[in-house]
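> my_file12.txt (compact mmCIF, C-alpha atoms) pasted underneath:
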# COMPACT_ATOMS: atom_id res chain seq x y z
CA MET L 1 -5.24 22.86 26.52
CA PHE L 2 -8.56 23.11 24.75
CA GLY L 3 -10.14 21.52 21.71
CA LYS L 4 -12.90 22.99 19.61
CA ILE L 5 -15.96 20.86 19.01
CA GLY L 6 -16.99 21.38 15.43
CA ARG L 7 -15.29 21.92 12.10
CA ASN L 8 -12.79 24.64 11.26
CA THR L 9 -13.70 26.89 8.32
CA PRO L 10 -11.88 27.02 5.98
CA ALA L 11 -10.91 23.46 6.67
CA SER L 12 -7.68 23.04 4.73
CA THR L 13 -5.49 26.06 5.37
CA GLY L 14 -3.98 28.22 8.06
CA THR L 15 -3.46 27.75 11.75
CA ASN L 16 -6.52 26.51 13.53
CA PRO L 17 -7.57 25.36 16.98
CA LEU L 18 -7.24 21.69 17.72
CA ARG L 19 -10.56 19.89 17.45
CA ALA L 20 -12.44 17.54 19.71
CA ASP L 21 -15.20 15.11 18.83
CA HIS L 22 -18.71 15.34 20.23
CA LEU L 23 -17.58 13.60 23.41
CA GLY L 24 -14.58 15.89 23.88
CA GLY L 25 -11.96 13.45 22.62
CA LEU L 26 -9.01 15.07 20.82
CA VAL L 27 -9.34 14.57 17.05
CA VAL L 28 -6.12 13.00 15.86
CA ALA L 29 -5.36 12.61 12.18
CA GLY L 30 -4.83 8.97 11.29
CA SER L 31 -6.46 7.32 14.25
CA ASN L 32 -9.65 5.68 13.06
CA TYR L 33 -11.75 6.96 10.17
CA GLN L 34 -14.73 8.48 11.94
CA ASP L 35 -13.64 12.08 11.47
CA LYS L 36 -12.96 11.56 7.76
CA THR L 37 -16.35 9.92 7.26
CA GLN L 38 -18.14 12.52 9.33
CA GLY L 39 -16.28 15.28 7.48
CA GLY L 40 -17.26 13.95 4.05
CA LYS L 41 -13.69 13.28 2.93
CA HIS L 42 -13.76 9.49 2.99
CA TYR L 43 -14.96 7.74 -0.16
CA PHE L 44 -15.50 4.19 -1.31
CA ALA L 45 -16.34 2.16 -4.34
CA PHE L 46 -17.82 -1.30 -4.55
CA CYS L 47 -18.18 -3.58 -7.56
CA GLN L 48 -20.29 -6.69 -7.47
CA SER L 49 -20.04 -10.01 -9.33
CA GLN L 50 -17.14 -9.02 -11.51
CA ASN L 51 -15.26 -11.35 -13.83
CA VAL L 52 -12.17 -9.53 -12.70
CA THR L 53 -9.35 -9.41 -15.24
CA VAL L 54 -5.62 -9.68 -14.67
CA TYR L 55 -4.27 -6.48 -13.12
CA SER L 56 -2.32 -5.54 -16.26
CA ALA L 57 -5.34 -5.63 -18.58
CA THR L 58 -6.09 -2.53 -20.63
CA SER L 59 -9.71 -3.66 -20.93
CA ALA L 60 -10.00 -3.74 -17.18
CA VAL L 61 -12.79 -5.50 -15.32
CA GLY L 62 -13.00 -5.39 -11.54
CA LEU L 63 -12.56 -2.08 -9.73
CA GLN L 64 -10.72 0.90 -11.17
CA VAL L 65 -10.33 4.22 -9.34
CA TYR L 66 -9.25 7.08 -11.58
CA ASN L 67 -7.65 10.27 -10.27
CA PRO L 68 -7.84 12.92 -13.03
CA PRO L 69 -4.75 15.07 -13.70
CA THR L 70 -6.64 18.21 -12.66
CA SER L 71 -8.19 16.83 -9.47
CA GLY L 72 -5.90 18.67 -7.06
CA VAL L 73 -6.07 15.76 -4.63
CA ASN L 74 -4.17 12.61 -3.83
CA LEU L 75 -6.20 9.47 -3.18
CA ILE L 76 -5.00 7.86 0.04
CA PHE L 77 -6.14 4.27 0.38
CA TYR L 78 -7.38 2.57 3.51
CA LYS L 79 -9.76 -0.39 3.75
CA TRP L 80 -10.10 -3.05 1.09
CA SER L 81 -12.31 -6.11 1.08
CA VAL L 82 -13.14 -8.92 -1.33
CA ASN L 83 -15.55 -11.84 -1.54
CA VAL L 84 -14.50 -14.70 -3.80
CA TRP L 85 -17.56 -16.87 -3.47
CA ALA L 86 -17.63 -18.79 -6.76
CA ALA L 87 -14.99 -21.06 -8.26
CA SER L 88 -12.20 -18.80 -9.52
CA ILE L 89 -9.62 -21.43 -10.15
CA GLY L 90 -7.06 -19.43 -12.06
CA LEU L 91 -7.44 -16.19 -10.12
CA THR L 92 -4.70 -17.19 -7.62
CA GLY L 93 -5.10 -13.90 -5.81
CA MET L 94 -5.70 -10.20 -6.20
CA VAL L 95 -3.33 -7.28 -6.28
CA LEU L 96 -3.31 -3.52 -6.31
CA GLY L 97 -2.08 -2.19 -9.64
CA VAL L 98 -1.25 1.34 -10.75
CA GLY L 99 -1.24 2.87 -14.20
CA THR L 100 -0.40 6.26 -15.58
CA GLN L 101 -3.68 7.76 -16.82
CA LEU L 102 -3.52 11.28 -18.19
CA THR L 103 -6.78 11.08 -20.13
CA LEU L 104 -10.27 9.98 -19.21
CA PRO L 105 -10.74 6.21 -19.37
CA THR L 106 -13.00 5.10 -22.21
CA THR L 107 -15.70 2.43 -22.56
CA THR L 108 -16.53 2.69 -18.90
CA THR L 109 -19.13 1.16 -16.64
CA ALA L 110 -19.65 2.93 -13.34
CA ALA L 111 -18.91 1.07 -10.12
CA THR L 112 -21.91 -0.64 -8.56
CA LEU L 113 -21.95 1.86 -5.70
CA THR L 114 -19.54 4.69 -5.00
CA GLY L 115 -19.31 8.00 -3.19
CA LYS L 116 -18.86 9.31 0.32
CA THR L 117 -18.70 6.65 3.03
CA LEU L 118 -21.22 8.74 4.95
CA LEU L 119 -24.05 6.86 3.32
CA THR L 120 -27.05 9.05 2.64
CA ALA L 121 -29.06 6.76 0.40
CA SER L 122 -28.85 3.53 -1.59
CA THR L 123 -28.17 5.38 -4.84
CA GLY L 124 -26.76 8.70 -5.99
CA LEU L 125 -24.10 9.09 -3.31
CA THR L 126 -22.04 12.26 -3.55
CA THR L 127 -18.80 11.51 -5.33
CA GLY L 128 -15.49 13.28 -4.96
CA SER L 129 -12.81 14.15 -7.48
CA ALA L 130 -12.05 10.54 -8.34
CA ALA L 131 -14.18 8.32 -10.56
CA ALA L 132 -14.76 4.61 -9.93
CA TYR L 133 -15.53 2.02 -12.56
CA SER L 134 -16.15 -1.69 -12.78
CA ILE L 135 -15.14 -1.76 -16.44
CA ALA L 136 -12.80 0.68 -18.17
CA THR L 137 -10.33 0.90 -20.98
CA ILE L 138 -7.15 2.23 -19.45
CA LEU L 139 -3.40 2.25 -19.92
CA ALA L 140 -1.87 -1.00 -18.70
CA PRO L 141 -1.28 -0.91 -14.94
CA VAL L 142 1.68 -2.53 -13.23
CA TYR L 143 1.77 -4.55 -10.04
CA ALA L 144 2.06 -2.36 -6.94
CA TRP L 145 1.08 -4.45 -3.90
CA PRO L 146 -0.15 -7.98 -3.03
CA LEU L 147 -3.59 -8.13 -1.41
CA PHE L 148 -4.32 -11.81 -0.88
CA HIS L 149 -3.78 -15.29 -2.21
CA ASN L 150 -6.71 -17.26 -3.60
CA THR L 151 -6.42 -21.02 -3.86
CA VAL L 152 -7.37 -23.46 -6.57
CA THR L 153 -10.78 -24.33 -5.17
CA ILE L 154 -13.21 -22.18 -3.27
CA ALA L 155 -13.56 -23.24 0.37
CA THR L 156 -16.53 -25.49 0.99
CA LYS L 157 -16.48 -25.22 4.77
CA GLY L 158 -16.24 -22.39 7.23
CA ALA L 159 -15.72 -18.69 6.74
CA GLU L 160 -12.80 -16.54 5.69
CA ILE L 161 -11.90 -12.87 5.60
CA MET L 162 -10.28 -11.43 2.48
CA GLY L 163 -9.75 -7.86 3.55
CA GLY L 164 -7.26 -5.50 5.10
CA ASP L 165 -6.23 -1.94 5.81
CA LEU L 166 -3.51 -0.22 3.82
CA LYS L 167 -3.48 2.45 6.55
CA GLY L 168 -2.70 5.20 4.07
CA ALA L 169 0.57 3.59 3.08
CA PHE L 170 -0.25 4.07 -0.60
CA GLY L 171 -1.60 7.05 -2.45
CA ALA L 172 -2.55 7.72 -6.05
CA ALA L 173 -1.46 11.09 -7.41
CA PRO L 174 -3.41 12.99 -10.07
CA GLY L 175 -3.06 11.35 -13.47
CA THR L 176 -3.12 7.77 -12.27
CA CYS L 177 -5.56 4.90 -12.16
CA VAL L 178 -5.44 2.32 -9.39
CA VAL L 179 -6.99 -1.08 -10.01
CA MET L 180 -7.91 -4.09 -7.94
CA GLY L 181 -7.11 -6.87 -10.39
CA ALA L 182 -6.55 -10.60 -10.62
CA LEU L 183 -3.08 -12.03 -10.10
CA GLY L 184 -3.12 -15.09 -12.35
CA ALA L 185 -6.14 -15.17 -14.63
CA THR L 186 -9.68 -13.88 -14.83
CA GLY L 187 -11.84 -14.45 -11.76
CA VAL L 188 -15.53 -15.26 -11.66
CA THR L 189 -18.24 -13.18 -9.95
CA VAL L 190 -15.91 -11.52 -7.46
CA ASP L 191 -17.15 -8.73 -5.15
CA MET L 192 -14.63 -6.07 -4.13
CA GLY L 193 -14.44 -2.71 -2.42
CA ILE L 194 -11.89 -0.10 -1.41
CA THR L 195 -12.01 3.15 0.57
CA TRP L 196 -9.90 6.26 0.14
CA GLU L 197 -9.48 9.78 1.41
CA GLU L 198 -9.11 12.70 -0.97
CA VAL L 199 -6.36 14.92 0.41
CA PRO L 200 -5.32 18.21 -1.23
CA VAL L 201 -1.98 17.86 -3.00
CA GLY L 202 0.90 19.40 -1.06
CA LEU L 203 -0.57 19.15 2.43
CA MET M 1 -3.70 25.15 21.51
CA PHE M 2 -3.43 25.52 17.76
CA ALA M 3 -2.04 23.46 14.94
CA LYS M 4 -0.86 24.46 11.50
CA ILE M 5 -2.42 22.96 8.37
CA GLY M 6 0.42 22.40 5.92
CA ARG M 7 4.02 21.27 6.07
CA ASN M 8 6.80 22.81 8.15
CA THR M 9 9.86 23.98 6.20
CA PRO M 10 12.50 22.82 6.81
CA ALA M 11 10.80 19.71 8.08
CA SER M 12 13.56 17.99 10.00
CA THR M 13 15.12 20.58 12.24
CA GLY M 14 14.28 23.18 14.83
CA THR M 15 11.17 23.81 16.86
CA ASN M 16 8.00 23.92 14.81
CA PRO M 17 4.27 24.29 15.32
CA LEU M 18 2.20 21.16 15.70
CA ARG M 19 0.48 20.21 12.47
CA ALA M 20 -3.09 19.33 11.60
CA ASP M 21 -4.43 17.46 8.58
CA HIS M 22 -6.83 18.98 6.06
CA LEU M 23 -9.74 18.29 8.39
CA GLY M 24 -8.04 19.86 11.41
CA GLY M 25 -7.11 16.61 13.12
CA LEU M 26 -3.83 16.71 15.05
CA VAL M 27 -1.06 14.94 13.13
CA VAL M 28 0.52 12.39 15.45
CA ALA M 29 3.75 10.60 14.57
CA GLY M 30 3.35 6.85 14.35
CA ASP M 31 -0.35 6.81 13.70
CA ASN M 32 -1.40 5.59 10.29
CA TYR M 33 0.63 6.30 7.16
CA GLN M 34 -1.41 8.95 5.37
CA ASP M 35 0.83 11.80 6.44
CA ASP M 36 3.96 9.85 5.53
CA THR M 37 2.58 9.03 2.08
CA GLN M 38 1.30 12.54 1.49
CA GLY M 39 4.62 13.95 2.70
CA ASN M 40 6.66 11.68 0.39
CA ALA M 41 8.36 9.98 3.31
CA MET M 42 6.99 6.47 2.68
CA PHE M 43 8.64 4.16 0.16
CA PHE M 44 7.99 0.66 -1.11
CA ALA M 45 9.34 -2.06 -3.34
CA ASN M 46 7.92 -5.23 -4.78
CA ALA M 47 9.42 -8.27 -6.45
CA LEU M 48 7.36 -10.61 -8.62
CA ASP M 49 7.56 -14.30 -9.43
CA MET M 50 10.76 -14.70 -7.49
CA GLU M 51 12.51 -18.02 -6.90
CA VAL M 52 13.22 -16.52 -3.52
CA ALA M 53 16.52 -17.77 -2.11
CA LEU M 54 17.32 -18.84 1.43
CA TYR M 55 17.69 -15.75 3.61
CA THR M 56 21.42 -16.46 4.17
CA ALA M 57 22.23 -16.58 0.47
CA THR M 58 24.95 -14.28 -0.79
CA SER M 59 23.42 -14.60 -4.24
CA ALA M 60 20.19 -13.23 -2.91
CA VAL M 61 16.89 -13.63 -4.77
CA GLY M 62 13.68 -12.16 -3.40
CA LEU M 63 13.48 -8.63 -2.10
CA ILE M 64 16.65 -6.88 -0.99
CA ILE M 65 16.68 -3.30 0.29
CA TYR M 66 20.15 -1.76 0.52
CA ASN M 67 20.77 1.20 2.79
CA PRO M 68 24.05 2.76 1.64
CA VAL M 69 26.70 3.70 4.17
CA ASP M 70 26.41 7.38 3.34
CA SER M 71 22.59 7.53 3.07
CA GLY M 72 22.13 9.58 6.23
CA VAL M 73 18.87 7.77 6.95
CA ASN M 74 17.65 4.77 8.82
CA MET M 75 15.28 2.54 6.88
CA ILE M 76 12.23 1.70 9.02
CA PRO M 77 9.99 -1.10 7.60
CA TYR M 78 6.20 -1.07 8.04
CA LEU M 79 3.78 -3.07 5.87
CA TRP M 80 4.81 -6.33 4.25
CA GLY M 81 2.80 -8.56 1.94
CA VAL M 82 3.48 -11.83 0.16
CA GLN M 83 1.69 -14.10 -2.31
CA VAL M 84 2.78 -17.74 -2.48
CA TYR M 85 0.65 -19.01 -5.29
CA ALA M 86 2.77 -21.78 -6.82
CA THR M 87 4.12 -24.90 -5.21
CA SER M 88 6.87 -23.89 -2.83
CA ALA M 89 7.19 -27.18 -1.07
CA SER M 90 10.32 -26.66 0.93
CA MET M 91 10.31 -22.92 1.33
CA THR M 92 8.58 -23.40 4.71
CA GLY M 93 8.27 -19.65 5.25
CA VAL M 94 9.76 -16.22 4.67
CA VAL M 95 11.84 -14.27 7.17
CA LEU M 96 13.31 -10.84 7.62
CA ALA M 97 17.10 -10.83 7.61
CA VAL M 98 19.87 -8.28 7.96
CA GLY M 99 23.34 -8.19 6.46
CA THR M 100 26.25 -5.84 6.95
CA GLN M 101 26.78 -4.16 3.60
CA LEU M 102 29.47 -1.52 3.51
CA THR M 103 29.82 -1.53 -0.27
CA ILE M 104 27.27 -1.45 -3.02
CA PRO M 105 25.95 -4.95 -3.86
CA SER M 106 28.25 -6.41 -6.48
CA GLY M 107 27.72 -8.15 -9.77
CA THR M 108 24.79 -6.96 -11.82
CA PRO M 109 21.93 -6.49 -9.35
CA THR M 110 18.43 -6.61 -10.77
CA PRO M 111 16.32 -3.63 -9.70
CA ALA M 112 12.97 -4.39 -8.06
CA PRO M 113 10.15 -4.29 -10.63
CA LEU M 114 8.54 -1.30 -8.98
CA SER M 115 9.86 0.80 -6.13
CA GLY M 116 9.83 4.38 -4.94
CA ARG M 117 7.49 6.67 -3.08
CA THR M 118 4.15 5.15 -2.12
CA LEU M 119 2.45 8.28 -3.43
CA LEU M 120 2.11 6.64 -6.83
CA THR M 121 2.55 9.13 -9.64
CA ALA M 122 2.83 6.72 -12.57
CA SER M 123 3.44 3.10 -13.46
CA THR M 124 7.17 3.64 -13.99
CA GLY M 125 9.91 6.00 -12.86
CA LEU M 126 8.70 6.59 -9.32
CA THR M 127 10.86 8.94 -7.27
CA GLN M 128 13.40 6.99 -5.24
CA GLY M 129 14.72 7.65 -1.77
CA SER M 130 18.16 6.94 -0.41
CA CYS M 131 17.73 3.17 -0.29
CA VAL M 132 17.95 0.88 -3.30
CA ALA M 133 15.67 -2.11 -3.87
CA TYR M 134 16.71 -5.22 -5.78
CA SER M 135 15.11 -8.52 -6.65
CA VAL M 136 18.48 -10.16 -7.29
CA ALA M 137 21.78 -9.02 -5.76
CA THR M 138 25.11 -10.34 -4.56
CA ILE M 139 25.46 -9.32 -0.95
CA VAL M 140 27.23 -10.20 2.27
CA ALA M 141 25.43 -13.15 3.90
CA PRO M 142 22.48 -11.92 6.01
CA VAL M 143 21.34 -13.41 9.29
CA TYR M 144 17.84 -14.17 10.54
CA VAL M 145 16.18 -11.29 12.42
CA TRP M 146 12.46 -11.95 12.55
CA PRO M 147 9.96 -14.57 11.34
CA LEU M 148 7.31 -13.26 8.94
CA PHE M 149 5.16 -16.33 8.22
CA HIS M 150 5.14 -20.08 7.91
CA ASN M 151 4.43 -21.66 4.56
CA THR M 152 3.33 -25.29 4.37
CA ALA M 153 4.85 -28.03 2.30
CA ALA M 154 2.19 -27.91 -0.37
CA ILE M 155 0.32 -24.90 -1.55
CA ASN M 156 -3.18 -24.65 -0.16
CA ILE M 157 -5.77 -25.88 -2.60
CA VAL M 158 -8.91 -24.68 -0.85
CA GLY M 159 -9.97 -21.19 0.17
CA ALA M 160 -8.08 -17.93 0.42
CA GLU M 161 -5.40 -16.58 2.69
CA LEU M 162 -3.75 -13.32 3.73
CA ILE M 163 0.02 -13.42 4.06
CA SER M 164 0.79 -9.95 5.29
CA GLY M 165 1.53 -7.88 8.36
CA ASP M 166 2.70 -4.59 9.80
CA LEU M 167 6.02 -4.28 11.60
CA GLN M 168 4.89 -0.84 12.77
CA GLY M 169 8.44 0.47 12.82
CA ALA M 170 9.60 -2.12 15.33
CA PHE M 171 12.82 -2.68 13.39
CA GLY M 172 15.11 -0.32 11.55
CA PHE M 173 18.04 -0.80 9.21
CA ALA M 174 20.93 1.60 9.68
CA PRO M 175 23.22 2.83 6.91
CA GLY M 176 25.54 0.06 5.73
CA THR M 177 23.03 -2.76 5.90
CA THR M 178 20.74 -4.79 3.69
CA CYS M 179 17.22 -5.79 4.60
CA VAL M 180 16.26 -9.10 3.01
CA MET M 181 12.95 -10.91 2.69
CA GLY M 182 14.23 -14.45 2.15
CA ALA M 183 13.12 -18.06 2.31
CA LEU M 184 13.29 -19.96 5.58
CA GLY M 185 13.94 -23.55 4.43
CA SER M 186 15.00 -23.50 0.81
CA ALA M 187 14.25 -21.65 -2.39
CA GLY M 188 10.62 -20.80 -3.14
CA VAL M 189 8.85 -20.73 -6.48
CA ASP M 190 7.12 -17.75 -8.09
CA VAL M 191 6.69 -15.75 -4.89
CA ASN M 192 5.49 -12.13 -4.92
CA LEU M 193 6.90 -9.92 -2.17
CA GLY M 194 6.29 -6.34 -1.05
CA LEU M 195 7.64 -4.08 1.71
CA THR M 196 7.06 -0.46 2.69
CA TRP M 197 9.45 1.66 4.71
CA LYS M 198 10.21 5.16 5.89
CA GLU M 199 13.56 6.84 5.54
CA VAL M 200 14.23 8.75 8.73
CA PRO M 201 17.32 10.94 9.19
CA THR M 202 19.78 9.24 11.51
CA GLY M 203 19.96 10.74 14.95
CA LEU M 204 16.42 12.08 15.00
Can the structure in the file be given as structure tokens, please?


Amino acid sequence: MFGKIGRNTPASTGTNPLRADHLGGLVVAGSNYQDKTQGGKHYFAFCQSQNVTVYSATSAVGLQVYNPPTSGVNLIFYKWSVNVWAASIGLTGMVLGVGTQLTLPTTTTAATLTGKTLLTASTGLTTGSAAAYSIATILAPVYAWPLFHNTVTIATKGAEIMGGDLKGAFGAAPGTCVVMGALGATGVTVDMGITWEEVPVGL
Amino acid sequence: MFAKIGRNTPASTGTNPLRADHLGGLVVAGDNYQDDTQGNAMFFANALDMEVALYTATSAVGLIIYNPVDSGVNMIPYLWGVQVYATSASMTGVVLAVGTQLTIPSGTPTPAPLSGRTLLTASTGLTQGSCVAYSVATIVAPVYVWPLFHNTAAINIVGAELISGDLQGAFGFAPGTTCVMGALGSAGVDVNLGLTWKEVPTGL
């Protein structure tokens, strides 16, 4: 049994040789994310110091990832991470929300940084088919998945991780908008990020 | 050795070529969940602001997944996530429970607020699988299967916390059962619950 070192061209169709990484290890879909990053198919968005609104808000503030109806890809979500570092008493947590979005969001502010996770610079990263915003007017999302619970007072001692890996268990089809939003009430200066893979529909 | 990019049809029978993802990586069963999501084989349900009942309750409140007798699939849970954000003094935790359920849950069950395929196509009307998810249902009394987490007497008032995990397919619910996420000690207050699962043909 052999594995080819290097990419198959075309990448997304047909019957192709199995691939190996630069050390000869078999490339397995869904192990870690190195091959997706290296292959330019793994994307992220990060929004800094957001007064993140409740997940159902139509005037959304936080992080919104929009998959246009004509994109031809599903957005498959992986890593998420948040820093709640200022008092956000009524936030009570953050959730993943999903909304139907058949038209381009309006009144938008681009995400602080977004594009391929293969970072090539500090600005102007290559983006994919999805668009990421920190502020957008969208159709009201609904609650999809709990991310974490945030307590009444910010911790004053120690350190804490507010992050996880959805492991591809959720995807956003074309014509949807996925948001990271507040559970209870608006948060204060929250930092948040999420990564996703753009996978051709039907594969 | 070669692998095919794309799905095998029919997917669940016969001898088929190995598959690769869109980057040419070998698709391995039981790795992460991208291929399951993309292939419409991963489902989820959530339940919001539930006064989640004790796991043994026949008038169940929380998250109840019913696998009908004639579904032809086993329901295999993976990710779970919970938010306890209001005082739930005596809940003391949430557990996974199983009940024999040979008939459809009686009374007027309340559907889960959002359930269906995890490839989210809209905010409503997601495509369902063979299992049915409720937030309230009258069922045969479940029994305790597996602890999920411990919840303290008072809600935490400092910092943040993750209340989530991955069962990684370690349990499955056969046709004719209910899978319940229920309270350990006594009813909780305003608890959000979520669970993902795969529906795998029985016998495979």

> Select residues of chain L: the criterion is any atom within 6 Å of an atom of chain M, counting all atoms listed in the file; output as a ChimeraX atom specification.

/L:1,11-18,27-30,98-100,142,146,148-155,167-173,203

> Which of these residues is nearest to Trp196 (chain L), using only C-alpha atoms: L:Tyr43, L:Tyr133, L:Trp80, L:Tyr66?

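With only C-alpha atoms as the atom set, the closest residue is L:Tyr43.
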
> Distance CA of Ala121 (chain L)-CA of Thr176 (chain L), one decimal place?

28.9 Å

> Smallest atom-to-atom distance to Thr177 (chain M): which of M:Pro147, M:Gly203, M:Gly125, M:Pro105, using only C-alpha atoms?

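The shortest atom-to-atom distance to Thr177 (chain M) comes from M:Pro105.
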
> Rounded to one decimal in Å, what is the spacing between CA of Ile65 (chain M) and CA of Ser186 (chain M)?

20.3 Å

> Between CA of Leu102 (chain M) and CA of Thr13 (chain M), what is the distance, to one decimal in Å?

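Interatomic distance here is 27.8 Å.
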
> So which residues are close to (6.8, -22.0, -5.8), meaning at most 9 Å away in the file's coordinates with all atoms listed in the file counted, and can you show them as a PDB file with C-alpha atoms, in the frame of the given file?


ATOM      1  CA  ASP M  49       7.560 -14.300  -9.430  1.00  0.00           C
ATOM      2  CA  MET M  50      10.760 -14.700  -7.490  1.00  0.00           C
ATOM      3  CA  GLU M  51      12.510 -18.020  -6.900  1.00  0.00           C
ATOM      4  CA  VAL M  52      13.220 -16.520  -3.520  1.00  0.00           C
ATOM      5  CA  VAL M  84       2.780 -17.740  -2.480  1.00  0.00           C
ATOM      6  CA  TYR M  85       0.650 -19.010  -5.290  1.00  0.00           C
ATOM      7  CA  ALA M  86       2.770 -21.780  -6.820  1.00  0.00           C
ATOM      8  CA  THR M  87       4.120 -24.900  -5.210  1.00  0.00           C
ATOM      9  CA  SER M  88       6.870 -23.890  -2.830  1.00  0.00           C
ATOM     10  CA  ALA M  89       7.190 -27.180  -1.070  1.00  0.00           C
ATOM     11  CA  SER M  90      10.320 -26.660   0.930  1.00  0.00           C
ATOM     12  CA  MET M  91      10.310 -22.920   1.330  1.00  0.00           C
ATOM     13  CA  ILE M 155       0.320 -24.900  -1.550  1.00  0.00           C
ATOM     14  CA  ALA M 187      14.250 -21.650  -2.390  1.00  0.00           C
ATOM     15  CA  GLY M 188      10.620 -20.800  -3.140  1.00  0.00           C
ATOM     16  CA  VAL M 189       8.850 -20.730  -6.480  1.00  0.00           C
ATOM     17  CA  ASP M 190       7.120 -17.750  -8.090  1.00  0.00           C
ATOM     18  CA  VAL M 191       6.690 -15.750  -4.890  1.00  0.00           C
TER      19      VAL M 191
END

> Which residues, written as a PyMOL selection string, have at least one atom at most 10 Å from Asn51 (chain L), with all atoms listed in the file counted and residues fewer than 6 positions away on the same chain left out?

chain L and resi 60-62+88+91+134-135+181-182+185-191

> Which residues are close to Thr110 (chain M), i.e. within 12 Å by all atoms listed in the file, leaving aside same-chain residues fewer than 6 positions away? Reply as a list in words.

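In the requested form, the answer reads Ala47, Leu48, Met50, Ser59, Ala60, Val61, Gly62, Leu63, Ile64, Ile65, Val132, Ala133, Tyr134, Ser135, Val136, Ala137 and Thr138 of chain M.
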
> Next, dump the selected residues to file, keeping only C-alpha atoms, as a compact mmCIF listing (two decimals), in the frame of the given file.


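In the end it all went to part-v8.txt:
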# COMPACT_ATOMS: atom_id res chain seq x y z
CA ALA M 47 9.42 -8.27 -6.45
CA LEU M 48 7.36 -10.61 -8.62
CA MET M 50 10.76 -14.70 -7.49
CA SER M 59 23.42 -14.60 -4.24
CA ALA M 60 20.19 -13.23 -2.91
CA VAL M 61 16.89 -13.63 -4.77
CA GLY M 62 13.68 -12.16 -3.40
CA LEU M 63 13.48 -8.63 -2.10
CA ILE M 64 16.65 -6.88 -0.99
CA ILE M 65 16.68 -3.30 0.29
CA VAL M 132 17.95 0.88 -3.30
CA ALA M 133 15.67 -2.11 -3.87
CA TYR M 134 16.71 -5.22 -5.78
CA SER M 135 15.11 -8.52 -6.65
CA VAL M 136 18.48 -10.16 -7.29
CA ALA M 137 21.78 -9.02 -5.76
CA THR M 138 25.11 -10.34 -4.56

> So, counting all atoms listed in the file, which residue among M:Val73, M:Leu167, M:Asn8, M:Tyr55 is closest to Gly202 (chain L)?

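Ranking M:Val73, M:Leu167, M:Asn8, M:Tyr55 by distance to Gly202 (chain L), first place goes to M:Asn8.
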
> Write out N, CA and C atoms for region 20-33 of chain L, as a tab-separated table (two decimals), in the frame of the given file.


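After the write, part-v9.tsv holds the following:
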chain	number	residue	atom	x	y	z
L	20	ALA	N	-12.00	18.67	18.89
L	20	ALA	CA	-12.44	17.54	19.71
L	20	ALA	C	-13.71	16.98	19.10
L	21	ASP	N	-13.96	15.70	19.34
L	21	ASP	CA	-15.20	15.11	18.83
L	21	ASP	C	-16.35	15.46	19.76
L	22	HIS	N	-17.52	14.93	19.49
L	22	HIS	CA	-18.71	15.34	20.23
L	22	HIS	C	-18.70	14.88	21.68
L	23	LEU	N	-17.73	14.01	22.02
L	23	LEU	CA	-17.58	13.60	23.41
L	23	LEU	C	-16.40	14.30	24.08
L	24	GLY	N	-15.72	15.17	23.32
L	24	GLY	CA	-14.58	15.89	23.88
L	24	GLY	C	-13.24	15.21	23.65
L	25	GLY	N	-13.23	14.12	22.91
L	25	GLY	CA	-11.96	13.45	22.62
L	25	GLY	C	-11.18	14.21	21.56
L	26	LEU	N	-9.87	14.36	21.78
L	26	LEU	CA	-9.01	15.07	20.82
L	26	LEU	C	-9.07	14.37	19.46
L	27	VAL	N	-9.34	15.14	18.41
L	27	VAL	CA	-9.34	14.57	17.05
L	27	VAL	C	-7.90	14.48	16.57
L	28	VAL	N	-7.48	13.27	16.29
L	28	VAL	CA	-6.12	13.00	15.86
L	28	VAL	C	-6.15	12.46	14.44
L	29	ALA	N	-5.43	13.11	13.56
L	29	ALA	CA	-5.36	12.61	12.18
L	29	ALA	C	-4.79	11.21	12.18
L	30	GLY	N	-5.40	10.30	11.44
L	30	GLY	CA	-4.83	8.97	11.29
L	30	GLY	C	-5.11	8.04	12.43
L	31	SER	N	-6.06	8.35	13.28
L	31	SER	CA	-6.46	7.32	14.25
L	31	SER	C	-7.46	6.43	13.54
L	32	ASN	N	-8.73	6.42	13.90
L	32	ASN	CA	-9.65	5.68	13.06
L	32	ASN	C	-10.24	6.63	12.01
L	33	TYR	N	-11.29	6.21	11.34
L	33	TYR	CA	-11.75	6.96	10.17
L	33	TYR	C	-13.04	7.73	10.40
